[in-house]
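Trainee: my_file.tsv (TSV, C-alpha atoms) pasted underneath:
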```
chain	number	residue	atom	x	y	z
A	1	MET	CA	0.00	0.00	0.00
A	2	TRP	CA	2.88	2.38	0.71
A	3	LEU	CA	4.24	1.94	-2.79
A	4	GLU	CA	0.80	2.64	-4.25
A	5	LEU	CA	0.53	5.81	-2.19
A	6	ILE	CA	3.94	7.04	-3.32
A	7	PHE	CA	3.09	6.43	-6.99
A	8	CYS	CA	-0.31	8.03	-6.48
A	9	PHE	CA	1.34	11.11	-5.01
A	10	MET	CA	3.78	11.38	-7.92
A	11	SER	CA	1.10	10.90	-10.57
A	12	THR	CA	-1.24	13.39	-8.91
A	13	VAL	CA	1.56	15.96	-8.73
A	14	ALA	CA	2.30	15.27	-12.41
A	15	PHE	CA	-1.33	15.90	-13.34
A	16	GLY	CA	-1.24	19.07	-11.25
A	17	ILE	CA	1.74	20.26	-13.26
A	18	ILE	CA	-0.09	19.43	-16.49
A	19	PHE	CA	-3.07	21.50	-15.29
A	20	ASN	CA	-0.74	24.46	-14.54
A	21	ILE	CA	-1.26	24.49	-10.80
A	22	PRO	CA	1.34	26.75	-9.16
A	23	LEU	CA	4.35	24.81	-7.90
A	24	ARG	CA	3.89	26.06	-4.35
A	25	LEU	CA	0.43	24.42	-4.31
A	26	VAL	CA	0.91	21.32	-6.44
A	27	TRP	CA	2.25	19.33	-3.48
A	28	TRP	CA	-0.97	19.91	-1.57
A	29	GLY	CA	-2.88	18.46	-4.51
A	30	GLY	CA	-0.63	15.42	-4.35
A	31	VAL	CA	-1.38	14.97	-0.66
A	32	ILE	CA	-5.14	15.20	-1.31
A	33	GLY	CA	-4.83	12.68	-4.16
A	34	MET	CA	-2.85	10.34	-1.92
A	35	LEU	CA	-5.46	10.64	0.83
A	36	THR	CA	-8.21	9.96	-1.69
A	37	TRP	CA	-6.46	6.86	-2.99
A	38	PHE	CA	-5.86	5.60	0.56
A	39	ILE	CA	-9.57	5.89	1.37
A	40	TYR	CA	-10.60	4.36	-1.96
A	41	GLY	CA	-8.22	1.43	-1.44
A	42	THR	CA	-9.00	0.84	2.23
A	43	LEU	CA	-12.79	0.96	2.32
A	44	PRO	CA	-13.40	-2.15	0.14
A	45	ASP	CA	-11.31	-4.13	2.64
A	46	LEU	CA	-13.73	-2.97	5.33
A	47	GLY	CA	-16.78	-4.24	3.43
A	48	PHE	CA	-17.74	-1.22	1.31
A	49	SER	CA	-18.44	-1.60	-2.40
A	50	GLN	CA	-16.24	0.12	-4.99
A	51	VAL	CA	-19.00	2.61	-5.73
A	52	ASN	CA	-19.48	3.56	-2.07
A	53	ALA	CA	-15.72	3.80	-1.60
A	54	ALA	CA	-15.52	6.15	-4.59
A	55	ALA	CA	-18.30	8.33	-3.17
A	56	VAL	CA	-16.65	8.60	0.25
A	57	ALA	CA	-13.23	9.24	-1.28
A	58	ALA	CA	-14.63	11.93	-3.61
A	59	PHE	CA	-16.40	13.58	-0.69
A	60	THR	CA	-13.16	13.55	1.30
A	61	ALA	CA	-11.22	15.03	-1.62
A	62	ALA	CA	-13.79	17.76	-2.21
A	63	PHE	CA	-14.16	18.60	1.49
A	64	THR	CA	-10.40	18.77	1.97
A	65	ALA	CA	-10.02	20.83	-1.21
A	66	HIS	CA	-12.62	23.34	0.00
A	67	ARG	CA	-10.99	23.71	3.41
A	68	LEU	CA	-7.49	24.02	1.97
A	69	ALA	CA	-8.61	26.46	-0.73
A	70	LYS	CA	-10.14	28.70	1.90
A	71	TYR	CA	-6.95	28.51	3.98
A	72	LYS	CA	-4.62	29.18	1.02
A	73	LYS	CA	-7.00	31.71	-0.61
A	74	VAL	CA	-7.02	30.03	-4.02
A	75	PRO	CA	-9.83	28.56	-6.16
A	76	VAL	CA	-11.18	25.21	-5.05
A	77	THR	CA	-10.45	23.58	-8.40
A	78	THR	CA	-6.75	24.06	-7.69
A	79	PHE	CA	-6.98	21.18	-5.23
A	80	MET	CA	-10.12	19.36	-6.32
A	81	ILE	CA	-9.00	18.35	-9.82
A	82	PRO	CA	-5.79	16.65	-8.66
A	83	GLY	CA	-7.66	15.20	-5.69
A	84	ILE	CA	-10.13	13.25	-7.80
A	85	ILE	CA	-7.69	12.18	-10.53
A	86	PRO	CA	-6.93	8.85	-8.78
A	87	LEU	CA	-10.65	8.01	-8.70
A	88	VAL	CA	-11.40	8.43	-12.40
A	89	PRO	CA	-12.42	4.99	-13.75
A	90	GLY	CA	-10.42	5.20	-16.97
A	91	GLY	CA	-9.17	1.61	-16.89
A	92	ARG	CA	-12.65	0.22	-16.36
A	93	ALA	CA	-14.03	2.39	-19.18
A	94	TYR	CA	-11.32	1.03	-21.47
A	95	GLU	CA	-12.14	-2.56	-20.47
A	96	SER	CA	-15.85	-2.00	-21.13
A	97	MET	CA	-15.18	-0.57	-24.60
A	98	LEU	CA	-12.77	-3.41	-25.33
A	99	ALA	CA	-15.45	-5.94	-24.37
A	100	PHE	CA	-17.87	-4.31	-26.80
A	101	VAL	CA	-15.28	-4.34	-29.59
A	102	GLU	CA	-14.62	-8.04	-28.92
A	103	GLU	CA	-18.40	-8.63	-29.14
A	104	ASN	CA	-18.67	-9.66	-25.48
A	105	TYR	CA	-21.76	-7.54	-24.95
A	106	VAL	CA	-22.86	-8.91	-21.57
A	107	ASN	CA	-19.47	-8.29	-19.98
A	108	GLY	CA	-19.21	-4.89	-21.67
A	109	LEU	CA	-22.60	-3.85	-20.40
A	110	GLY	CA	-21.74	-4.90	-16.85
A	111	LEU	CA	-18.45	-3.01	-16.94
A	112	SER	CA	-20.16	0.05	-18.43
A	113	VAL	CA	-22.73	0.09	-15.64
A	114	GLU	CA	-19.96	-0.16	-13.03
A	115	THR	CA	-18.09	2.69	-14.73
A	116	LEU	CA	-21.14	4.93	-14.83
A	117	LEU	CA	-22.01	4.14	-11.22
A	118	GLN	CA	-18.50	5.01	-10.09
A	119	ALA	CA	-18.51	8.24	-12.10
A	120	GLY	CA	-21.89	9.13	-10.59
A	121	ALA	CA	-20.58	8.37	-7.11
A	122	ILE	CA	-17.63	10.70	-7.68
A	123	ALA	CA	-19.98	13.45	-8.85
A	124	GLY	CA	-22.29	12.83	-5.90
A	125	GLY	CA	-19.45	13.03	-3.38
A	126	ILE	CA	-18.24	16.30	-4.89
A	127	GLY	CA	-21.77	17.71	-4.95
A	128	PHE	CA	-22.41	16.77	-1.34
A	129	ALA	CA	-19.22	18.47	-0.18
A	130	LEU	CA	-20.12	21.55	-2.23
A	131	SER	CA	-23.55	21.67	-0.63
A	132	LEU	CA	-22.01	21.67	2.84
A	133	PHE	CA	-19.97	24.76	2.00
A	134	THR	CA	-22.83	26.68	0.38
A	135	VAL	CA	-25.57	25.88	2.90
A	136	ARG	CA	-24.90	28.99	5.00
A	137	LYS	CA	-24.40	31.36	2.10
A	138	GLY	CA	-27.23	30.18	-0.12
A	139	ALA	CA	-26.95	29.35	-3.79
A	140	GLY	CA	-27.26	32.98	-4.93
A	141	GLN	CA	-24.30	34.13	-2.87
A	142	ARG	CA	-21.94	31.55	-4.25
A	143	TYR	CA	-20.97	33.34	-7.43
A	144	GLU	CA	-22.26	36.89	-6.98
A	145	THR	CA	-20.27	38.55	-4.23
A	146	ASP	CA	-21.70	42.06	-4.70
A	147	ARG	CA	-25.17	41.21	-3.42
```
As structure tokens, how would this structure be written, given the file I've shared?
Mentor:
Amino acid sequence: MWLELIFCFMSTVAFGIIFNIPLRLVWWGGVIGMLTWFIYGTLPDLGFSQVNAAAVAAFTAAFTAHRLAKYKKVPVTTFMIPGIIPLVPGGRAYESMLAFVEENYVNGLGLSVETLLQAGAIAGGIGFALSLFTVRKGAGQRYETDR
């Protein structure tokens, strides 16, 4: 698990560099990505499904990104994008498309459903964390600061 966390940190930092995150902040994105991967890898061992683990990990990444962005006074996406990179089900999406190309439609459909459920869980976790930070302000105050 330690080796996975080290590689996850390095790949998350690399994606942060690709997305032009300032170098003084890219390490924080790596830490959030590493935390996300740790949660996503640990929860299935405790009896959670992959979809539930993805939702909890995405919520943790988004919540941590919001708190850190407020502390560092930078946009939330600076930390949220690298934080959810380890959760993106790219390998499973590839396997589902490969199954369809090989005319294994039942397996491809099952993998596609798992991929969409995991992507929806990631979006749900991010949305839930966002709702916690906008509940006091209201939806109208989120983007319009002059009112």
Trainee: Can you list, as JSON, numbers by chain, every protein, DNA or RNA residue that comes within 12 Å of Ser49 of chain A when you count all atoms listed in the file, leaving out same-chain residues fewer than 5 positions away?
Mentor: {"A": [40, 41, 42, 43, 44, 54, 55, 56, 114, 117, 118, 121]}
Trainee: From the list A:Ala119, A:Ile18, A:Leu25, A:Leu3, which residue is nearest Val74 of chain A when using all atoms listed in the file?
Mentor: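 Among the listed residues, A:Leu25 lies closest to Val74 of chain A.
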Trainee: Provide the atom CA of Ser11 of chain A to atom CA of Met34 of chain A distance in Å, to one decimal place.
Mentor: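 Pair atom CA of Ser11 of chain A / atom CA of Met34 of chain A returns 9.5 Å.
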Trainee: So how many Å separate atom CA of Val113 of chain A and atom CA of Ile39 of chain A, to one decimal?
Mentor: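 It comes out at 22.3 Å.
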Trainee: Between A:Val31, A:Met1, A:Ile126, A:Ile6, which has the minimum distance to Ala58 of chain A (counting only C-alpha atoms)?
Mentor: A:Ile126
Trainee: Could you tell me how far atom CA of Leu35 of chain A lies from atom CA of Thr134 of chain A, in Å and to one decimal?
Mentor: 23.6 Å
Trainee: Using only C-alpha atoms, find all polymer residues with an atom at most 12 Å away from the point (-21.3, -4.9, -22.8); report them as a ChimeraX atom specification.
Mentor: /A:92-115
Trainee: Using all atoms listed in the file, which of A:Val76, A:Ile85, A:Ala62, A:Leu46 sits nearest Met10 of chain A?
Mentor: A:Ile85
Trainee: Enclose the full set of atoms of segment 126-131 of chain A listed in the file within a box whose edges lie along x, y and z, apply 4 Å of padding to each of the six sides, and report centre and edge lengths in Å to one decimal as JSON.
Mentor:
```
{"center_x": -20.9, "center_y": 19.0, "center_z": -2.6, "size_x": 13.3, "size_y": 13.4, "size_z": 12.8}
```
Trainee: Give me the residues within 10 Å of Ala129 of chain A as a list of chain:residue names, counting only C-alpha atoms and dropping any in the same chain fewer than 5 places off.
Mentor: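 Listed by chain and then number, they are A:Ala58, A:Phe59, A:Thr60, A:Ala61, A:Ala62, A:Phe63, A:Thr64, A:Ala65, A:His66, A:Gly124, A:Thr134.
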Trainee: Between A:Trp2, A:Phe128, A:Phe9, A:Phe133, which is the closest to Trp28 of chain A once you count all atoms listed in the file?
Mentor: A:Phe9
Trainee: Between A:Gly125, A:Leu132, A:Leu5, A:Gly29, which one has atoms that come closest to Thr77 of chain A, using all atoms listed in the file?
Mentor: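 Looking at the shortest contact to Thr77 of chain A, the residue is A:Gly29.
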Trainee: Taking the point (-1.4, 16.1, -12.3) as given in the file, collect each protein or nucleic acid residue that comes within 12 Å of it, counting only C-alpha atoms, and present the set as a PDB file with C-alpha atoms, in the coordinates of the input.
Mentor:
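Result file is result-v5.pdb:
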```
ATOM      1  CA  PHE A   7       3.090   6.430  -6.990  1.00  0.00           C
ATOM      2  CA  CYS A   8      -0.310   8.030  -6.480  1.00  0.00           C
ATOM      3  CA  PHE A   9       1.340  11.110  -5.010  1.00  0.00           C
ATOM      4  CA  MET A  10       3.780  11.380  -7.920  1.00  0.00           C
ATOM      5  CA  SER A  11       1.100  10.900 -10.570  1.00  0.00           C
ATOM      6  CA  THR A  12      -1.240  13.390  -8.910  1.00  0.00           C
ATOM      7  CA  VAL A  13       1.560  15.960  -8.730  1.00  0.00           C
ATOM      8  CA  ALA A  14       2.300  15.270 -12.410  1.00  0.00           C
ATOM      9  CA  PHE A  15      -1.330  15.900 -13.340  1.00  0.00           C
ATOM     10  CA  GLY A  16      -1.240  19.070 -11.250  1.00  0.00           C
ATOM     11  CA  ILE A  17       1.740  20.260 -13.260  1.00  0.00           C
ATOM     12  CA  ILE A  18      -0.090  19.430 -16.490  1.00  0.00           C
ATOM     13  CA  PHE A  19      -3.070  21.500 -15.290  1.00  0.00           C
ATOM     14  CA  ASN A  20      -0.740  24.460 -14.540  1.00  0.00           C
ATOM     15  CA  ILE A  21      -1.260  24.490 -10.800  1.00  0.00           C
ATOM     16  CA  PRO A  22       1.340  26.750  -9.160  1.00  0.00           C
ATOM     17  CA  LEU A  23       4.350  24.810  -7.900  1.00  0.00           C
ATOM     18  CA  LEU A  25       0.430  24.420  -4.310  1.00  0.00           C
ATOM     19  CA  VAL A  26       0.910  21.320  -6.440  1.00  0.00           C
ATOM     20  CA  TRP A  27       2.250  19.330  -3.480  1.00  0.00           C
ATOM     21  CA  TRP A  28      -0.970  19.910  -1.570  1.00  0.00           C
ATOM     22  CA  GLY A  29      -2.880  18.460  -4.510  1.00  0.00           C
ATOM     23  CA  GLY A  30      -0.630  15.420  -4.350  1.00  0.00           C
ATOM     24  CA  VAL A  31      -1.380  14.970  -0.660  1.00  0.00           C
ATOM     25  CA  ILE A  32      -5.140  15.200  -1.310  1.00  0.00           C
ATOM     26  CA  GLY A  33      -4.830  12.680  -4.160  1.00  0.00           C
ATOM     27  CA  MET A  34      -2.850  10.340  -1.920  1.00  0.00           C
ATOM     28  CA  THR A  78      -6.750  24.060  -7.690  1.00  0.00           C
ATOM     29  CA  PHE A  79      -6.980  21.180  -5.230  1.00  0.00           C
ATOM     30  CA  MET A  80     -10.120  19.360  -6.320  1.00  0.00           C
ATOM     31  CA  ILE A  81      -9.000  18.350  -9.820  1.00  0.00           C
ATOM     32  CA  PRO A  82      -5.790  16.650  -8.660  1.00  0.00           C
ATOM     33  CA  GLY A  83      -7.660  15.200  -5.690  1.00  0.00           C
ATOM     34  CA  ILE A  84     -10.130  13.250  -7.800  1.00  0.00           C
ATOM     35  CA  ILE A  85      -7.690  12.180 -10.530  1.00  0.00           C
ATOM     36  CA  PRO A  86      -6.930   8.850  -8.780  1.00  0.00           C
TER      37      PRO A  86
END
```
Trainee: Of the candidates A:Gly91, A:Ser131, A:Ala57, A:Gly120, which one gets nearest to Thr36 of chain A if we count all atoms listed in the file?
Mentor: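 Under the stated criterion, the closest residue is A:Ala57.
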